[in-house]
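*Asks:* Below is the structure I would like to discuss, written out as structure tokens.
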Amino acid sequence: MTTAATEADTVLNAVKGLVPTLRENGQKAEEQRWIPQDSIELLDKAGVFRIATPRRFGGLDLPVAEQARILAEIGRGDPSTGWVASVWVSSAWLGTLFPDRAQEEVFARPDVRVSGGFTPSGTLRPTEGGYLLNGSWRFNTGIRGADWNIAATVLQKEDGTEEEVVALVPASEFSLADDWHTSAASGTGSSTSTAQDVLVPAHRVVGFGEAIFGETPDRTNVGATGRNYGLFAYIMAATVATLLGSAQGALELFLQRVPGRAIAYTAWEDQSAHPLTQIQVATAANKITAARAMESGWLRVLQDRADAGEQPTLEEKAAVRGQGAYAIQLAKEAVETLYQASGASVIQRNVPMQRFFRDIEGFALHGFLLLASNLELHGRVLLGLDPNTPLL
């Protein structure tokens with residue numbers, strides 16, 4: 001077994017042991033609209049926040065499939081905690097696309113937590129020593145516990161032209177609004193963050209296109225390092241893994257809950273003995289299995305390309321987007337089936353199933369994950385048309 005595989009198993013087994021605690025803390029996370037510090041510290045101790053950090057900075061630098069396994073396990077414990085962890089891990093990996101000087105700063109601590117997003121709702125203006133950042137970013141998952149934040153923004157150049165870029169900024173430079181009041185994903189604390197005249201050195205700003213294709217200058221970790229995945233394909237992979245883990249968690253919760261449970265207003269004293277329940281649980285389980293089978297395919301493609309020092313092809317990136325959204329749909333349908341088979345008592349706040357149901361319904365509404373948009377993109381490429389989006 002390779003060193004990476006051994007290290008991955010160590011982290012994975014540690015996270016498996018945390019699942020009951022993450023699940024128990026899930027209700028508290030929802031109530032306080034942010035993950036309990038206890039959960040963060042346990043994940044940190046398990047090594048989760050080092051899995052995407054380059055080995056030269058003391059990280060574990062795990063392959064994408066191993067990262068996916070670990071993120072899925074966190075999602076199995078609690079969907080909102082899993083979502084935040086996937087953002088912190090995938091955004092830390094995005095930090096590896098910045099110039100070496102920026103990487104040295106962000107990975108000064110290997111167990112770094114990085115938040116961020118790709119909606120360019122801010123501006124950068126040239127100033128002495130770099131740029132001044134201004135703007136506000138909604139739905140900034142993980143910002144409340146992040147060390148660094150990646151802000152997509154518009155660089156307004158002195159010649160009057162504009163360019164979409166991403167800036168890497170200490171999270172402490174942002175002010176946070178108390179505006180995260182939601183019916184789903186409540187525990188993610190995805191508040192609005194605001195920057196006002198924040199100085200950003202030039203080496204912490206990269207072009208959006210450079211990040212997408214891994215073409216940032218002044219960066220030594222290029223080529224066949226085994227970790228240069230396609231940007232949006234990698235983010236989709238991390239997100240899907242988390243939601244498939246959440247669906248697995250919902251299945252486990254259902255299986256624990258149903259034996260010996262009577263079906264109200266009927267003669268059935270054990271719901272598990274009813275043929276409809278048997279069909280429902282098998283349908284849900286098979287949808288999760290089918291989604292995982294698709295996942296294994298794109299994880300293999302991404303790793304093969306990274307090992308060869310190549311970016312995924314247009315067709316491969318489109319397939320990851322289309323299949324990823326379809327896998328989320330299957331996971332969502334599986335949880336919906338289990339929730340609907342759980343009886344009226346499932347709506348109680350102290351029953352975890354209702355939180356898993358609401359969270360996965362909410363996550364599936366994310367603009368990057370929408371089924372129709374991703375199937376359209378995938379279909380266009382299959383038909384030989386332009387994908388009509390740069391976010392590939």
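Residue numbering restarts at 1 for every chain of the structure tokens, chains are lettered A, B, ... in their displayed order, and ligands are numbered from 1 as they appear.
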Find the residues around range 375-380 of chain A up to 7 Å (only C-alpha atoms counted), leave out those fewer than 3 positions away in its own chain, and share them as a PyMOL selection string.

*Replies:* chain A and resi 318-319+321-322+371-372+383-387

*Asks:* Please return as a list of chain:residue names: the residues of range 82-138 of chain A that backbone DSSP assigns to strand (DSSP E).

*Replies:* A:Val114, A:Ser115, A:Gly116, A:Gly117, A:Gly122, A:Thr123, A:Leu124, A:Arg125, A:Pro126, A:Thr127, A:Gly130, A:Tyr131, A:Leu132, A:Leu133, A:Asn134, A:Gly135, A:Ser136, A:Trp137

*Asks:* Would you mind exporting all heavy atoms of the selected residues as a compact mmCIF listing (two decimals), in the first residue's frame?

*Replies:*
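Saved the output as result36.txt:
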# COMPACT_ATOMS: atom_id res chain seq x y z
N VAL A 114 -10.04 27.20 3.68
CA VAL A 114 -10.21 28.27 2.69
C VAL A 114 -11.66 28.27 2.21
O VAL A 114 -12.19 27.22 1.82
CB VAL A 114 -9.26 28.09 1.49
CG1 VAL A 114 -9.37 29.28 0.53
CG2 VAL A 114 -7.81 27.93 1.97
N SER A 115 -12.30 29.42 2.23
CA SER A 115 -13.66 29.56 1.70
C SER A 115 -13.58 30.28 0.37
O SER A 115 -12.53 30.71 -0.06
CB SER A 115 -14.55 30.32 2.69
OG SER A 115 -14.00 31.60 2.96
N GLY A 116 -14.74 30.46 -0.28
CA GLY A 116 -14.71 31.20 -1.54
C GLY A 116 -15.87 30.87 -2.45
O GLY A 116 -16.67 29.97 -2.17
N GLY A 117 -15.94 31.61 -3.54
CA GLY A 117 -16.99 31.40 -4.53
C GLY A 117 -16.60 32.00 -5.86
O GLY A 117 -15.56 32.66 -5.98
N GLY A 122 -17.46 41.70 -6.90
CA GLY A 122 -16.62 42.75 -6.33
C GLY A 122 -15.76 43.37 -7.41
O GLY A 122 -15.79 42.96 -8.57
N THR A 123 -14.97 44.38 -7.02
CA THR A 123 -14.07 45.04 -7.97
C THR A 123 -12.68 45.15 -7.37
O THR A 123 -12.51 45.26 -6.15
CB THR A 123 -14.56 46.46 -8.32
OG1 THR A 123 -14.61 47.25 -7.12
CG2 THR A 123 -15.93 46.42 -8.97
N LEU A 124 -11.69 45.12 -8.25
CA LEU A 124 -10.30 45.37 -7.90
C LEU A 124 -9.83 46.56 -8.71
O LEU A 124 -10.05 46.61 -9.93
CB LEU A 124 -9.42 44.16 -8.22
CG LEU A 124 -9.33 43.01 -7.22
CD1 LEU A 124 -8.51 41.89 -7.84
CD2 LEU A 124 -8.73 43.44 -5.90
N ARG A 125 -9.17 47.50 -8.04
CA ARG A 125 -8.61 48.66 -8.73
C ARG A 125 -7.12 48.75 -8.40
O ARG A 125 -6.73 48.57 -7.23
CB ARG A 125 -9.31 49.95 -8.31
CG ARG A 125 -10.80 50.01 -8.63
CD ARG A 125 -11.41 51.28 -8.06
NE ARG A 125 -12.86 51.31 -8.22
CZ ARG A 125 -13.49 51.80 -9.29
NH1 ARG A 125 -12.78 52.29 -10.29
NH2 ARG A 125 -14.80 51.79 -9.35
N PRO A 126 -6.29 49.01 -9.40
CA PRO A 126 -4.85 49.12 -9.14
C PRO A 126 -4.54 50.22 -8.13
O PRO A 126 -5.17 51.29 -8.12
CB PRO A 126 -4.27 49.45 -10.51
CG PRO A 126 -5.29 48.98 -11.50
CD PRO A 126 -6.61 49.19 -10.83
N THR A 127 -3.58 49.95 -7.26
CA THR A 127 -3.10 50.93 -6.29
C THR A 127 -1.66 50.59 -5.97
O THR A 127 -1.14 49.55 -6.40
CB THR A 127 -3.96 50.91 -5.01
OG1 THR A 127 -3.62 52.02 -4.20
CG2 THR A 127 -3.73 49.63 -4.22
N GLY A 130 -0.34 46.86 -5.16
CA GLY A 130 -1.26 45.82 -5.61
C GLY A 130 -2.60 46.37 -6.06
O GLY A 130 -2.67 47.23 -6.94
N TYR A 131 -3.66 45.93 -5.40
CA TYR A 131 -5.01 46.31 -5.78
C TYR A 131 -5.85 46.57 -4.53
O TYR A 131 -5.58 46.01 -3.45
CB TYR A 131 -5.69 45.21 -6.60
CG TYR A 131 -4.91 44.76 -7.80
CD1 TYR A 131 -4.11 43.62 -7.74
CD2 TYR A 131 -4.98 45.45 -9.01
CE1 TYR A 131 -3.40 43.18 -8.85
CE2 TYR A 131 -4.28 45.03 -10.13
CZ TYR A 131 -3.48 43.90 -10.04
OH TYR A 131 -2.77 43.47 -11.13
N LEU A 132 -6.89 47.38 -4.69
CA LEU A 132 -7.87 47.57 -3.64
C LEU A 132 -9.13 46.78 -3.98
O LEU A 132 -9.69 46.92 -5.07
CB LEU A 132 -8.22 49.05 -3.47
CG LEU A 132 -7.18 49.93 -2.78
CD1 LEU A 132 -7.68 51.37 -2.69
CD2 LEU A 132 -6.84 49.39 -1.39
N LEU A 133 -9.56 45.95 -3.04
CA LEU A 133 -10.72 45.08 -3.23
C LEU A 133 -11.93 45.68 -2.52
O LEU A 133 -11.87 46.03 -1.35
CB LEU A 133 -10.43 43.69 -2.67
CG LEU A 133 -11.59 42.68 -2.70
CD1 LEU A 133 -11.95 42.31 -4.14
CD2 LEU A 133 -11.21 41.42 -1.91
N ASN A 134 -13.04 45.77 -3.26
CA ASN A 134 -14.31 46.20 -2.69
C ASN A 134 -15.43 45.31 -3.22
O ASN A 134 -15.39 44.88 -4.38
CB ASN A 134 -14.61 47.66 -3.05
CG ASN A 134 -13.78 48.65 -2.26
OD1 ASN A 134 -14.10 48.97 -1.12
ND2 ASN A 134 -12.68 49.12 -2.86
N GLY A 135 -16.42 45.07 -2.38
CA GLY A 135 -17.56 44.29 -2.84
C GLY A 135 -18.15 43.42 -1.75
O GLY A 135 -17.63 43.34 -0.63
N SER A 136 -19.25 42.77 -2.09
CA SER A 136 -19.92 41.85 -1.17
C SER A 136 -20.23 40.56 -1.91
O SER A 136 -20.60 40.57 -3.10
CB SER A 136 -21.23 42.46 -0.64
OG SER A 136 -20.97 43.56 0.22
N TRP A 137 -20.09 39.45 -1.19
CA TRP A 137 -20.31 38.13 -1.76
C TRP A 137 -21.32 37.39 -0.90
O TRP A 137 -21.08 37.14 0.29
CB TRP A 137 -19.00 37.35 -1.83
CG TRP A 137 -18.01 37.94 -2.80
CD1 TRP A 137 -17.78 37.53 -4.08
CD2 TRP A 137 -17.15 39.06 -2.57
NE1 TRP A 137 -16.83 38.33 -4.67
CE2 TRP A 137 -16.41 39.27 -3.78
CE3 TRP A 137 -16.91 39.90 -1.49
CZ2 TRP A 137 -15.47 40.29 -3.90
CZ3 TRP A 137 -15.98 40.92 -1.60
CH2 TRP A 137 -15.27 41.11 -2.80

*Asks:* Closest to Arg261 in chain A among A:Thr289, A:Thr239, A:Thr216, A:Thr277, using only C-alpha atoms?

*Replies:*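 Using only C-alpha atoms, Arg261 in chain A sits closest to A:Thr277.
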
*Asks:* For Glu316 in chain A, which residue out of A:Leu382, A:Ala273, A:Ile288, A:Ala267 is the nearest one, using only C-alpha atoms?

*Replies:*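 For Glu316 in chain A, the nearest of the given residues is A:Leu382.
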
*Asks:* Excluding Ala282 in chain A and residues on its chain fewer than 4 positions from it, collect all residues at most 12 Å away from it, counting only C-alpha atoms, and give them as a ChimeraX atom specification.

*Replies:* /A:251,254-255,272,275-278,286-289,334,337-338

*Asks:* Return as a VMD selection string the full set of residues in range 102-165 of chain A whose backbone-based DSSP assignment is alpha helix (DSSP H).

*Replies:* chain A and resid 102 to 106

*Asks:* So which residues touch Met236 in chain A within 8 Å, counting only C-alpha atoms, skipping near sequence neighbours fewer than 3 positions away, as a list of chain:residue names?

*Replies:*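 Within the cut-off, the hits are A:Phe232, A:Ala233, A:Thr239, A:Val240, A:Val320, A:Arg321, A:Gly324, A:Leu369.
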
*Asks:* Kindly export the residues of the current selection with N, CA, C and O atoms, as a compact mmCIF listing (two decimals), in the first residue's frame.

*Replies:*
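Okay, part35.txt is ready:
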# COMPACT_ATOMS: atom_id res chain seq x y z
N PHE A 232 -13.37 23.16 -12.46
CA PHE A 232 -14.79 22.95 -12.15
C PHE A 232 -15.17 21.48 -12.08
O PHE A 232 -16.09 21.11 -11.35
N ALA A 233 -14.44 20.64 -12.80
CA ALA A 233 -14.68 19.20 -12.68
C ALA A 233 -14.29 18.73 -11.29
O ALA A 233 -14.98 17.91 -10.67
N THR A 239 -18.16 18.10 -4.47
CA THR A 239 -19.53 18.37 -4.04
C THR A 239 -20.40 17.12 -4.15
O THR A 239 -21.16 16.79 -3.22
N VAL A 240 -20.30 16.43 -5.27
CA VAL A 240 -21.11 15.22 -5.46
C VAL A 240 -20.78 14.19 -4.39
O VAL A 240 -21.68 13.54 -3.83
N VAL A 320 -18.54 15.29 -16.71
CA VAL A 320 -18.50 15.41 -15.25
C VAL A 320 -19.63 16.32 -14.76
O VAL A 320 -20.30 16.00 -13.78
N ARG A 321 -19.85 17.42 -15.48
CA ARG A 321 -20.92 18.33 -15.08
C ARG A 321 -22.29 17.66 -15.22
O ARG A 321 -23.11 17.71 -14.31
N GLY A 324 -22.46 14.53 -12.94
CA GLY A 324 -22.44 14.94 -11.54
C GLY A 324 -23.80 15.43 -11.08
O GLY A 324 -24.30 15.05 -10.02
N LEU A 369 -25.11 23.34 -9.50
CA LEU A 369 -25.51 21.93 -9.45
C LEU A 369 -26.84 21.65 -10.11
O LEU A 369 -27.25 20.49 -10.20

*Asks:* Determine, using only C-alpha atoms, which residues of range 51-130 of chain A have any atom at most 9 Å from an atom of range 142-146 of chain A, and tabulate each with its shortest atom pair and distance in Å to one decimal place, rows ordered by chain and then rising number, as a Markdown table.

*Replies:*
| residue | atom | partner | partner_atom | distance |
| --- | --- | --- | --- | --- |
| A:Trp83 | CA | A:Gly142 | CA | 8.9 |
| A:Val84 | CA | A:Gly142 | CA | 5.5 |
| A:Ala85 | CA | A:Gly142 | CA | 8.0 |
| A:Val87 | CA | A:Gly142 | CA | 7.0 |
| A:Trp88 | CA | A:Gly142 | CA | 6.8 |
| A:Val112 | CA | A:Ala146 | CA | 7.9 |
| A:Arg113 | CA | A:Ala146 | CA | 4.9 |
| A:Val114 | CA | A:Ala146 | CA | 5.3 |
| A:Ser115 | CA | A:Gly142 | CA | 5.4 |
| A:Gly116 | CA | A:Ile143 | CA | 7.5 |

*Asks:* I need the residue nearest Phe208 in chain A from this list: A:Ile263, A:Met294, A:Leu97, A:Ala308. Use only C-alpha atoms for the distance.

*Replies:*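 Comparing A:Ile263, A:Met294, A:Leu97, A:Ala308 against Phe208 in chain A, the winner is A:Leu97.
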
*Asks:* Fewer than 6 positions away in the same chain doesn't count, so skip those; otherwise give me all residues within 9 Å of Asp179 in chain A, counting only C-alpha atoms, as a list of chain:residue names.

*Replies:*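 In the requested form, the answer reads A:Gly189, A:Ser190, A:Ser191, A:Thr192.
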